[in-house]
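The file input09.cif contains mmCIF, C-alpha atoms:
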```
data_my_file
#
loop_
_atom_site.label_atom_id
_atom_site.label_comp_id
_atom_site.auth_asym_id
_atom_site.auth_seq_id
_atom_site.Cartn_x
_atom_site.Cartn_y
_atom_site.Cartn_z
CA MET A 289 16.83 13.23 38.23
CA ASP A 290 17.95 13.91 41.77
CA MET A 291 21.42 13.89 43.24
CA GLN A 292 21.05 10.33 44.53
CA ASP A 293 20.33 8.96 41.05
CA ILE A 294 23.37 10.65 39.59
CA GLU A 295 25.52 9.35 42.38
CA ASN A 296 24.27 5.78 41.85
CA GLN A 297 24.89 5.98 38.13
CA PHE A 298 28.36 7.34 38.78
CA THR A 299 29.20 4.47 41.14
CA GLU A 300 27.94 1.96 38.60
CA LEU A 301 30.00 3.54 35.83
CA LYS A 302 33.06 3.43 38.02
CA SER A 303 32.72 -0.27 38.70
CA GLN A 304 32.05 -0.97 35.02
CA LEU A 305 35.20 0.93 34.13
CA ALA A 306 37.22 -1.03 36.66
CA ALA A 307 35.91 -4.30 35.22
CA LEU A 308 36.79 -3.11 31.73
CA GLU A 309 40.29 -2.16 32.77
CA LYS A 310 40.79 -5.64 34.12
CA LYS A 311 39.82 -7.09 30.75
CA THR A 312 42.11 -4.86 28.71
CA ALA A 313 45.25 -6.58 27.51
CA GLU A 314 48.57 -5.12 28.58
CA ASP A 315 51.48 -4.26 26.34
CA LYS A 316 52.93 -7.65 26.99
CA LEU A 317 54.28 -10.60 25.03
CA SER A 318 53.72 -14.09 26.38
CA MET A 319 55.56 -16.83 24.62
CA VAL A 320 55.61 -20.60 24.98
CA VAL A 321 59.05 -21.98 24.14
CA PHE A 322 58.22 -25.61 23.44
CA SER A 323 61.10 -26.27 21.09
CA GLY A 324 64.62 -27.18 22.08
CA ASP A 325 66.08 -26.35 18.66
CA LEU A 326 68.78 -23.74 18.17
CA ASP A 327 66.98 -21.92 15.35
CA LYS A 328 63.66 -21.70 17.15
CA ILE A 329 65.18 -20.62 20.45
CA ILE A 330 67.11 -17.88 18.66
CA ALA A 331 63.86 -16.68 17.13
CA ALA A 332 62.23 -16.76 20.58
CA PHE A 333 64.97 -14.64 22.14
CA VAL A 334 65.06 -12.18 19.22
CA ILE A 335 61.33 -11.60 19.60
CA ALA A 336 61.45 -11.39 23.41
CA THR A 337 64.32 -8.91 23.54
CA GLY A 338 62.80 -6.97 20.63
CA ALA A 339 59.51 -6.77 22.55
CA VAL A 340 61.23 -5.11 25.50
CA ALA A 341 62.84 -2.64 23.10
CA MET A 342 59.35 -1.85 21.82
CA GLY A 343 58.33 -0.99 25.37
CA MET A 344 56.52 -4.26 26.10
CA ASP A 345 56.89 -6.67 28.96
CA ALA A 346 58.07 -10.08 27.85
CA VAL A 347 57.41 -13.48 29.39
CA MET A 348 58.93 -16.74 28.15
CA PHE A 349 57.40 -20.01 29.32
CA PHE A 350 59.81 -22.90 28.69
CA THR A 351 58.13 -26.25 28.47
CA PHE A 352 58.82 -29.75 27.13
CA TRP A 353 61.88 -29.78 24.81
CA GLY A 354 62.59 -26.18 25.82
CA THR A 355 63.13 -27.19 29.45
CA PRO A 356 66.50 -29.06 29.29
CA VAL A 357 68.00 -26.12 27.43
CA LEU A 358 67.75 -24.02 30.58
CA ARG A 359 69.96 -26.40 32.55
CA ASP A 360 73.25 -24.98 33.72
CA ALA A 361 76.09 -26.91 32.07
CA LYS A 362 78.20 -26.49 35.21
CA LYS A 363 75.59 -27.81 37.64
CA SER A 364 74.42 -31.32 38.34
CA ALA A 365 71.81 -32.97 40.49
CA GLY A 366 71.79 -36.32 42.16
CA GLY A 367 69.02 -38.66 43.22
CA LYS A 368 67.65 -39.38 39.74
CA ASP A 369 65.97 -42.59 38.63
CA ILE A 370 66.90 -44.41 35.43
CA PHE A 371 64.55 -42.31 33.27
CA GLY A 372 65.83 -39.07 34.78
CA LYS A 373 69.39 -40.13 34.06
CA MET A 374 68.45 -41.08 30.49
CA PHE A 375 66.71 -37.79 29.73
CA GLY A 376 69.52 -35.96 31.45
CA ALA A 377 72.13 -37.58 29.25
CA MET A 378 70.25 -37.49 25.93
CA LEU A 379 68.90 -33.94 25.95
CA PRO A 380 70.99 -30.78 25.53
CA LYS A 381 72.54 -29.69 28.77
CA GLY A 382 72.34 -25.95 28.50
CA LEU A 383 72.21 -23.49 25.62
CA GLY A 384 75.64 -24.54 24.35
CA GLN A 385 74.41 -27.98 23.29
CA VAL A 386 71.30 -27.19 21.30
CA LYS A 387 71.21 -28.16 17.64
CA LEU A 388 69.52 -26.89 14.49
CA SER A 389 66.10 -28.35 13.70
CA GLN A 390 67.21 -28.79 10.09
CA MET A 391 70.58 -29.32 8.42
CA ASN A 392 72.25 -30.46 11.63
CA MET A 393 74.22 -33.08 9.66
CA GLY A 394 75.70 -34.77 12.69
CA GLY A 395 76.60 -31.44 14.26
CA MET A 396 78.37 -30.01 11.22
CA GLY A 397 75.44 -27.83 10.24
CA THR A 398 75.05 -26.47 13.75
CA ALA A 399 78.76 -25.69 13.99
CA MET A 400 78.61 -23.95 10.62
CA MET A 401 75.59 -21.91 11.66
CA LYS A 402 77.26 -20.90 14.91
CA SER A 403 80.41 -19.72 13.16
CA LEU A 404 78.28 -17.88 10.61
CA MET A 405 76.35 -16.19 13.41
CA LYS A 406 79.59 -15.08 15.00
CA LYS A 407 80.87 -13.73 11.69
CA LYS A 408 77.64 -11.80 11.12
CA ASN A 409 77.58 -10.47 14.70
CA VAL A 410 74.36 -12.31 15.56
CA ALA A 411 74.29 -12.80 19.33
CA SER A 412 74.88 -16.34 20.60
CA LEU A 413 72.19 -18.00 22.73
CA GLU A 414 74.32 -17.36 25.83
CA GLN A 415 74.53 -13.68 24.91
CA PHE A 416 70.80 -13.57 24.24
CA LEU A 417 70.06 -15.04 27.66
CA GLU A 418 72.30 -12.49 29.31
CA MET A 419 70.63 -9.69 27.36
CA ALA A 420 67.17 -10.97 28.23
CA GLU A 421 68.08 -10.98 31.92
CA GLU A 422 69.44 -7.45 31.69
CA LEU A 423 66.30 -6.25 29.88
CA GLY A 424 64.01 -7.81 32.47
CA VAL A 425 62.52 -10.60 30.36
CA ARG A 426 60.80 -12.98 32.78
CA ILE A 427 61.38 -16.70 32.34
CA PHE A 428 59.00 -19.38 33.55
CA ILE A 429 59.91 -23.04 33.62
CA CYS A 430 57.19 -25.66 33.44
CA GLU A 431 57.24 -27.81 36.56
CA MET A 432 55.49 -30.68 34.84
CA SER A 433 58.18 -30.98 32.15
CA MET A 434 60.87 -30.81 34.83
CA ASP A 435 59.23 -33.58 36.78
CA LEU A 436 58.58 -35.69 33.69
CA MET A 437 62.17 -35.57 32.54
CA GLY A 438 63.58 -35.75 36.03
CA PHE A 439 65.21 -32.33 36.14
CA LYS A 440 65.87 -30.73 39.51
CA ARG A 441 65.65 -27.05 40.33
CA GLU A 442 69.25 -27.02 41.52
CA GLU A 443 70.56 -27.89 38.05
CA MET A 444 68.79 -25.04 36.26
CA ILE A 445 70.40 -21.73 35.24
CA ASP A 446 70.88 -18.75 37.54
CA TYR A 447 68.57 -16.07 36.20
CA LYS A 448 67.17 -13.05 37.94
CA ASN A 449 63.52 -13.40 36.92
CA LEU A 450 63.12 -17.15 36.99
CA THR A 451 59.94 -18.82 38.23
CA PHE A 452 58.95 -22.46 38.29
CA CYS A 453 55.28 -22.73 37.52
CA GLY A 454 52.38 -24.52 35.90
CA VAL A 455 50.01 -23.79 33.07
CA ALA A 456 47.74 -21.54 35.13
CA LYS A 457 50.53 -19.03 35.67
CA PHE A 458 51.27 -18.95 31.97
CA LEU A 459 47.60 -18.54 31.10
CA GLU A 460 47.21 -15.72 33.59
CA GLU A 461 50.05 -13.90 31.84
CA ALA A 462 48.84 -14.83 28.35
CA ALA A 463 45.25 -13.79 29.02
CA ASN A 464 46.26 -10.20 29.62
CA SER A 465 48.95 -10.04 26.93
CA LYS A 466 48.37 -8.40 23.59
CA VAL A 467 50.73 -10.85 21.89
CA GLN A 468 50.92 -14.57 22.51
CA LEU A 469 53.23 -16.90 20.66
CA PHE A 470 54.01 -20.61 20.62
CA ILE A 471 57.46 -21.51 19.41
CA MET B 116 76.15 14.69 10.81
CA SER B 117 73.21 16.53 9.32
CA ASP B 118 73.56 20.30 9.00
CA ASP B 119 70.24 21.42 10.36
CA ILE B 120 69.82 19.02 13.30
CA LYS B 121 71.66 19.40 16.59
CA VAL B 122 72.67 15.94 17.78
CA ASP B 123 73.14 15.35 21.51
CA LYS B 124 74.46 11.80 21.36
CA VAL B 125 75.64 9.44 18.63
CA PHE B 126 75.15 5.68 18.71
CA ASP B 127 77.33 3.54 16.47
CA LEU B 128 75.31 0.41 15.69
CA LYS B 129 77.19 -0.50 12.54
CA GLY B 130 77.55 -4.21 11.91
CA LEU B 131 74.88 -5.17 14.40
CA PRO B 132 72.02 -7.34 13.13
CA CYS B 133 68.44 -7.68 14.37
CA PRO B 134 67.38 -7.16 17.16
CA MET B 135 70.42 -5.23 18.42
CA PRO B 136 69.89 -1.85 16.70
CA VAL B 137 66.42 -1.45 18.16
CA VAL B 138 67.41 -2.89 21.55
CA LYS B 139 70.37 -0.50 21.81
CA VAL B 140 68.44 2.54 20.65
CA SER B 141 65.56 1.89 23.03
CA LYS B 142 68.07 1.85 25.88
CA GLY B 143 70.24 4.62 24.47
CA ILE B 144 67.49 7.17 24.01
CA LYS B 145 67.00 7.21 27.77
CA GLU B 146 70.52 8.62 28.09
CA VAL B 147 69.35 11.99 26.70
CA GLU B 148 66.67 14.34 27.99
CA ILE B 149 63.20 14.60 26.50
CA GLY B 150 63.41 16.97 23.53
CA GLN B 151 67.04 16.07 22.79
CA VAL B 152 68.14 14.26 19.64
CA ILE B 153 70.23 11.15 19.10
CA GLU B 154 71.87 9.97 15.92
CA ALA B 155 71.80 6.21 15.36
CA GLN B 156 74.05 4.73 12.68
CA SER B 157 72.98 1.32 11.45
CA THR B 158 74.07 -0.98 8.64
CA ASP B 159 71.13 -3.36 9.08
CA PRO B 160 68.74 -2.83 6.13
CA GLY B 161 65.90 -4.04 8.37
CA SER B 162 66.37 -0.87 10.41
CA LEU B 163 64.60 1.08 7.69
CA THR B 164 61.31 -0.51 8.70
CA ASP B 165 62.22 -1.35 12.30
CA PHE B 166 63.19 2.11 13.50
CA PRO B 167 59.94 3.79 12.34
CA ALA B 168 57.95 0.93 13.90
CA TRP B 169 59.86 1.31 17.16
CA ALA B 170 59.41 5.11 17.10
CA ARG B 171 55.65 4.85 16.55
CA THR B 172 55.28 2.32 19.35
CA SER B 173 57.52 4.07 21.85
CA GLY B 174 56.23 7.56 21.07
CA ASN B 175 59.53 8.96 19.83
CA GLU B 176 60.08 10.83 16.58
CA ILE B 177 62.38 10.19 13.65
CA LEU B 178 63.28 13.64 12.38
CA LYS B 179 65.31 12.47 9.44
CA THR B 180 66.69 9.32 7.81
CA GLU B 181 69.87 9.60 5.79
CA GLN B 182 71.39 7.10 3.40
CA ASN B 183 74.50 7.56 1.32
CA ASP B 184 75.24 5.72 -1.90
CA ASP B 185 78.92 5.24 -1.06
CA ASP B 186 78.41 3.16 2.11
CA ASP B 187 75.72 1.04 3.73
CA VAL B 188 75.30 3.26 6.77
CA ILE B 189 71.80 4.49 7.50
CA LYS B 190 71.61 7.45 9.86
CA PHE B 191 68.52 8.07 11.92
CA TYR B 192 67.98 11.33 13.77
CA ILE B 193 65.61 10.56 16.58
CA LYS B 194 64.05 13.04 18.96
CA ARG B 195 63.19 11.74 22.40
CA ASN B 196 59.53 12.54 23.02
CA ALA B 197 58.72 9.93 25.62
#
```
Written form, structure tokens:
Amino acid sequence: MDMQDIENQFTELKSQLAALEKKTAEDKLSMVVFSGDLDKIIAAFVIATGAVAMGMDAVMFFTFWGTPVLRDAKKSAGGKDIFGKMFGAMLPKGLGQVKLSQMNMGGMGTAMMKSLMKKKNVASLEQFLEMAEELGVRIFICEMSMDLMGFKREEMIDYKNLTFCGVAKFLEEAANSKVQLFI
Amino acid sequence: MSDDIKVDKVFDLKGLPCPMPVVKVSKGIKEVEIGQVIEAQSTDPGSLTDFPAWARTSGNEILKTEQNDDDDVIKFYIKRNA
């Protein structure tokens, strides 16, 4: 085998290695937050912040019922049609308005759970969001859900790593994540 | 404090539930140099499995875990290796 052969093989190996590296999943968690329920969103934030503690990157993709939850209670947006106004009024405006998926009992269950969480030092959703921002958890909001329910960008929360995107962006993140979850 | 381990920083995580102990320790360990030791005090029983899992994943080392019968405090002595 002459020098040229070895060199060719080396080049080929290098490109194969580069291709392999591209395929290897990163230490990353990609999560779809489909639910707008208090319990499920708590779980989502516990896992996302825990992932960062474990040295992983964390991405949360809020879609469908998860979308209205990321509205800022203090902001509003005009220019909505009748459906936009309806969704806007009927869905939780911000993290403070989300309810339990079970045992809500007209709000009593949710209030009880919240006071229990406070007593047991479990972070509130607002605190979790703040912590996630501080830890560098990236949040994506599904544009299609926003459009469907008539939400405007100007009424969503202020968050450092916030991106409005579509399914391709989520899939790009998910495809190279070791952990993918749907909540 | 344990007799045979020199602790460089103590973290009081008592009363904090999941995921706070692990979140705080992962941030806190960066406040000491590599090779130094922190003591983390937790009352969350889940810490007993969570801290070793975190240490294995992050490449740090739990030198010792202490539990007393008279209180619920679990003390972890963790050496920063990474």
One-decimal distance in Å that lies between atom CA of A:Leu383 and atom CA of A:Arg441: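 Separating atom CA of A:Arg441 from atom CA of A:Leu383 is a distance of 16.5 Å.
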Test item: chain B residues at most 7 Å from chain A, counting only C-alpha atoms, as a ChimeraX atom specification: /B:130-132,134,137-138,141,169,172-173
Among listed residues A:Asp369, A:Asp327, A:Glu443, A:Glu418, nearest A:Asn392 (using only C-alpha atoms):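 Using only C-alpha atoms, A:Asn392 sits closest to A:Asp327.
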Atom pair atom CA of B:Asp165 / atom CA of A:Leu317: separation (Å): 17.6 Å
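Atom CA of B:Lys142 sits 26.7 Å away from atom CA of A:Leu326.
With all atoms listed in the file as the atoms that count, the residue of A:Val455, A:Ala365, A:Ile330, A:Ala377 with the shortest distance to A:Gln415 is A:Ile330.
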Given the PyMOL selection byres ((chain A and resi 322) around 9), the residues it picks as a list in words: Val320, Val321, Ser323, Gly324, Phe349, Phe350, Thr351, Phe352, Trp353, Gly354, Thr355, Phe470 and Ile471 of chain A
Name the residues, using the chain letters and numbers of the file, that sit within 9 Å of (52.9, -10.8, 25.6) when counting all atoms listed in the file, and give them as an mmCIF file with C-alpha atoms, keeping the file's coordinate frame.
```
data_model
loop_
_atom_site.group_PDB
_atom_site.id
_atom_site.type_symbol
_atom_site.label_atom_id
_atom_site.label_comp_id
_atom_site.auth_asym_id
_atom_site.auth_seq_id
_atom_site.Cartn_x
_atom_site.Cartn_y
_atom_site.Cartn_z
ATOM 1 C CA ALA A 313 45.250 -6.580 27.510
ATOM 2 C CA GLU A 314 48.570 -5.120 28.580
ATOM 3 C CA ASP A 315 51.480 -4.260 26.340
ATOM 4 C CA LYS A 316 52.930 -7.650 26.990
ATOM 5 C CA LEU A 317 54.280 -10.600 25.030
ATOM 6 C CA SER A 318 53.720 -14.090 26.380
ATOM 7 C CA MET A 319 55.560 -16.830 24.620
ATOM 8 C CA ALA A 336 61.450 -11.390 23.410
ATOM 9 C CA ALA A 339 59.510 -6.770 22.550
ATOM 10 C CA MET A 344 56.520 -4.260 26.100
ATOM 11 C CA ASP A 345 56.890 -6.670 28.960
ATOM 12 C CA ALA A 346 58.070 -10.080 27.850
ATOM 13 C CA VAL A 347 57.410 -13.480 29.390
ATOM 14 C CA MET A 348 58.930 -16.740 28.150
ATOM 15 C CA GLU A 461 50.050 -13.900 31.840
ATOM 16 C CA ALA A 462 48.840 -14.830 28.350
ATOM 17 C CA ALA A 463 45.250 -13.790 29.020
ATOM 18 C CA ASN A 464 46.260 -10.200 29.620
ATOM 19 C CA SER A 465 48.950 -10.040 26.930
ATOM 20 C CA LYS A 466 48.370 -8.400 23.590
ATOM 21 C CA VAL A 467 50.730 -10.850 21.890
ATOM 22 C CA GLN A 468 50.920 -14.570 22.510
ATOM 23 C CA LEU A 469 53.230 -16.900 20.660
#
```
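Among the candidates A:Asp360, A:Phe371, A:Glu295, A:Lys311, the residue lying nearest to A:Leu436 is A:Phe371 (atoms considered: all atoms listed in the file).
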Within 6 Å of B:Ile193 using all atoms listed in the file, minus same-chain residues under 6 positions, as an NGL selection string: :B and (152-153 or 176-178)
Using only C-alpha atoms: which of B:Lys179, B:Lys129, B:Lys190, B:Lys124 has the shortest distance to B:Val147: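 Distance minimum relative to B:Val147 lands on B:Lys124.
Matched in the shown structure by the PyMOL selection byres ((chain A and resi 381) around 8): Pro356, Val357, Leu358, Arg359, Asp360, Ala361, Gly376, Ala377, Leu379, Pro380, Gly382, Leu383, Gly384, Gln385 and Val386 of chain A.
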Writing out the chosen residues with C-alpha atoms as a PDB file, in the coordinates of the input:
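Below you can see part.pdb, which holds the result:
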```pdb
ATOM      1  CA  PRO A 356      66.500 -29.060  29.290  1.00  0.00           C
ATOM      2  CA  VAL A 357      68.000 -26.120  27.430  1.00  0.00           C
ATOM      3  CA  LEU A 358      67.750 -24.020  30.580  1.00  0.00           C
ATOM      4  CA  ARG A 359      69.960 -26.400  32.550  1.00  0.00           C
ATOM      5  CA  ASP A 360      73.250 -24.980  33.720  1.00  0.00           C
ATOM      6  CA  ALA A 361      76.090 -26.910  32.070  1.00  0.00           C
ATOM      7  CA  GLY A 376      69.520 -35.960  31.450  1.00  0.00           C
ATOM      8  CA  ALA A 377      72.130 -37.580  29.250  1.00  0.00           C
ATOM      9  CA  LEU A 379      68.900 -33.940  25.950  1.00  0.00           C
ATOM     10  CA  PRO A 380      70.990 -30.780  25.530  1.00  0.00           C
ATOM     11  CA  GLY A 382      72.340 -25.950  28.500  1.00  0.00           C
ATOM     12  CA  LEU A 383      72.210 -23.490  25.620  1.00  0.00           C
ATOM     13  CA  GLY A 384      75.640 -24.540  24.350  1.00  0.00           C
ATOM     14  CA  GLN A 385      74.410 -27.980  23.290  1.00  0.00           C
ATOM     15  CA  VAL A 386      71.300 -27.190  21.300  1.00  0.00           C
TER      16      VAL A 386
END
```
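In terms of minimum interatomic distance to B:Ile149, B:Asn175 ranks closest within B:Met135, B:Asp185, B:Asn175, B:Lys121, counting only C-alpha atoms.
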Size and centre in Å, one decimal, axis-aligned box, all listed stretch 182-187 of chain B atoms plus 4 Å per side, as lines of an AutoDock Vina configuration file:
```
center_x = 75.2
center_y = 4.3
center_z = 0.9
size_x = 15.5
size_y = 14.5
size_z = 13.6
```
Point (66.8, -34.5, 39.2), cut-off 6 Å, counting all atoms listed in the file, residues as an mmCIF file with C-alpha atoms, in the frame of the given file:
```cif
data_model
loop_
_atom_site.group_PDB
_atom_site.id
_atom_site.type_symbol
_atom_site.label_atom_id
_atom_site.label_comp_id
_atom_site.auth_asym_id
_atom_site.auth_seq_id
_atom_site.Cartn_x
_atom_site.Cartn_y
_atom_site.Cartn_z
ATOM 1 C CA ALA A 365 71.810 -32.970 40.490
ATOM 2 C CA LYS A 368 67.650 -39.380 39.740
ATOM 3 C CA GLY A 438 63.580 -35.750 36.030
ATOM 4 C CA PHE A 439 65.210 -32.330 36.140
ATOM 5 C CA LYS A 440 65.870 -30.730 39.510
#
```
